[in-house]
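Single-structure report; data block below.
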Amino acid sequence: MSNPILSEKSFDRFSDGLAGKTTADAMTLQGTINKSILLFITMVIPAAWIWWKMGGDPAAAEGLKGWLIGSAILGFVISLIIMFKQSWSPVLAPIYAAVEGVFIGLISMVFNSFYDGIVMQAVFVTLVIFTAMLVAYKTGLLRATPMFTKIIVFATLGVGVFYLITMIMGMFGVESFYHGNSWLSIGVSALIAGIAAFNLILDFNMIEEGSKNGFPKYMEWYCAFGLLVTIVWLYLEILRLLAKLNSRE
């Protein structure tokens with residue numbers, strides 16, 4: 001499983017004793033869907049509020065950089081806690097969604113200030129990709145086979161290493177080609193967006209497996225949180241890709 005939040009290791013400790021149970025305290029597919037929708041709404045509300053409050057103008061956002069960095073760090077810390085304390089997800093997952101909403105609202109506002117309308121385009125593309133992946137999974141067109149899973153696992157690990165190298169280069173004042181708008185940079189962004197999209201297939205599969213095996217009820221929140229992380233990643237990569245394409249016009 002490539003998404004570390006919805007990795008097989010996250011579910012291993014539930015393999016014995018819970019499999020096959022369908023009690024009221026067990027995780028269900030519908031319950032996970034409901035939690036996913038709730039977390040998505042919890043993320044969208046602060047994002048929309050920030051946009052409305054500041055009129056979509058980053059110049060009106062006092063301390064914008066601080067809020068961006070702060071929400072990014074806080075979201076990362078909360079996600080780490082949830083990964084290691086899955087039983088806390090019913091409380092921490094909504095908090096994460098709200099914090100991520102602040103970050104998404106601010107970063108989207110910045111991108112839109114440079115390229116008007118790019119945010120709605122990114123939202124539309126993300127929703128289309130999500131729907132396409134869901135349909136592909138439900139119809140069996142794409143399945144999380146061992147080989148498929150292995151490829152996405154290594155590809156995602158590669159993206160993580162690439163992000164780390166790019167960040168370290170930036171700390172030493174070296175700008176990576178990835179931040180430019182060359183066709184190589186655009187190609188890499190498109191590839192990363194594709195990897196993020198295929199992670200959705202693995203997320204859907206793990207959620208379905210968890211529901212079938214009757215894992216604890218709080219895992220609905222945990223799985224919904226993991227799915228939200230993938231969606232946010234996909235959206236940000238689509239936003240970055242569209243910005244690069246727009247900058248070449």
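Labeling convention for the structure tokens: chains A, B, ... as they appear, residues from 1 per chain, ligands from 1 in order of appearance.
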Task: Long-range neighbours of Leu74 in chain A as a PyMOL selection string, 12 Å cut-off, only C-alpha atoms, 2 positions minimum in chain - done: chain A and resi 66-72+76-81+92+95-103
TODO: For Val135 in chain A, work out the shell of residues within 12 Å, counting only C-alpha atoms and skipping chain neighbours fewer than 6 positions away, then give it as a list in words.
DONE: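 Counting only the stated atoms, we get Val128, Ile129, Leu141, Leu142, Arg143, Leu200, Ile201 and Phe204 of chain A.
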Next, the residues of the selection above should be written as an mmCIF file, in the first residue's frame with C-alpha atoms.
data_model
loop_
_atom_site.group_PDB
_atom_site.id
_atom_site.type_symbol
_atom_site.label_atom_id
_atom_site.label_comp_id
_atom_site.auth_asym_id
_atom_site.auth_seq_id
_atom_site.Cartn_x
_atom_site.Cartn_y
_atom_site.Cartn_z
ATOM 1 C CA VAL A 128 -13.154 14.353 -12.630
ATOM 2 C CA ILE A 129 -10.082 12.260 -11.823
ATOM 3 C CA LEU A 141 -11.130 -1.809 -14.827
ATOM 4 C CA LEU A 142 -8.400 -1.004 -12.304
ATOM 5 C CA ARG A 143 -7.710 -3.287 -9.376
ATOM 6 C CA LEU A 200 -6.837 6.452 -4.983
ATOM 7 C CA ILE A 201 -7.255 2.906 -6.312
ATOM 8 C CA PHE A 204 -10.466 2.400 -2.272
#
- [ ] Using DSSP on the backbone coordinates, identify all residues within range 111-171 of chain A classified as helix (DSSP H, G or I); present the result as a PyMOL selection string.
- [x] chain A and resi 111-114+118-138+146-171
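Our summary of the geometry notes that CA of Trp51 in chain A is positioned 12.7 Å from CA of Met120 in chain A.
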Open item on the list: Env of Lys85 in chain A: 12 Å cut, atoms = only C-alpha atoms, seq-sep filter 6 positions within chain, self excluded. Answer as a PyMOL selection string.
Closed with: chain A and resi 5+10+78-79+91-93+218-219+221-222
Task: Given only C-alpha atoms as the counted atoms, nearest of A:Phe40, A:Gly31, A:Ala243, A:Met54 to Ser182 in chain A - done: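 Looking only at the distances to Ser182 in chain A, the closest residue turns out to be A:Ala243.
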TODO: Excluding Arg248 in chain A and residues on its chain fewer than 5 positions from it, collect all residues at most 12 Å away from it, counting only C-alpha atoms, and give them as a ChimeraX atom specification.
DONE: /A:115,180-183,185-186,241-243
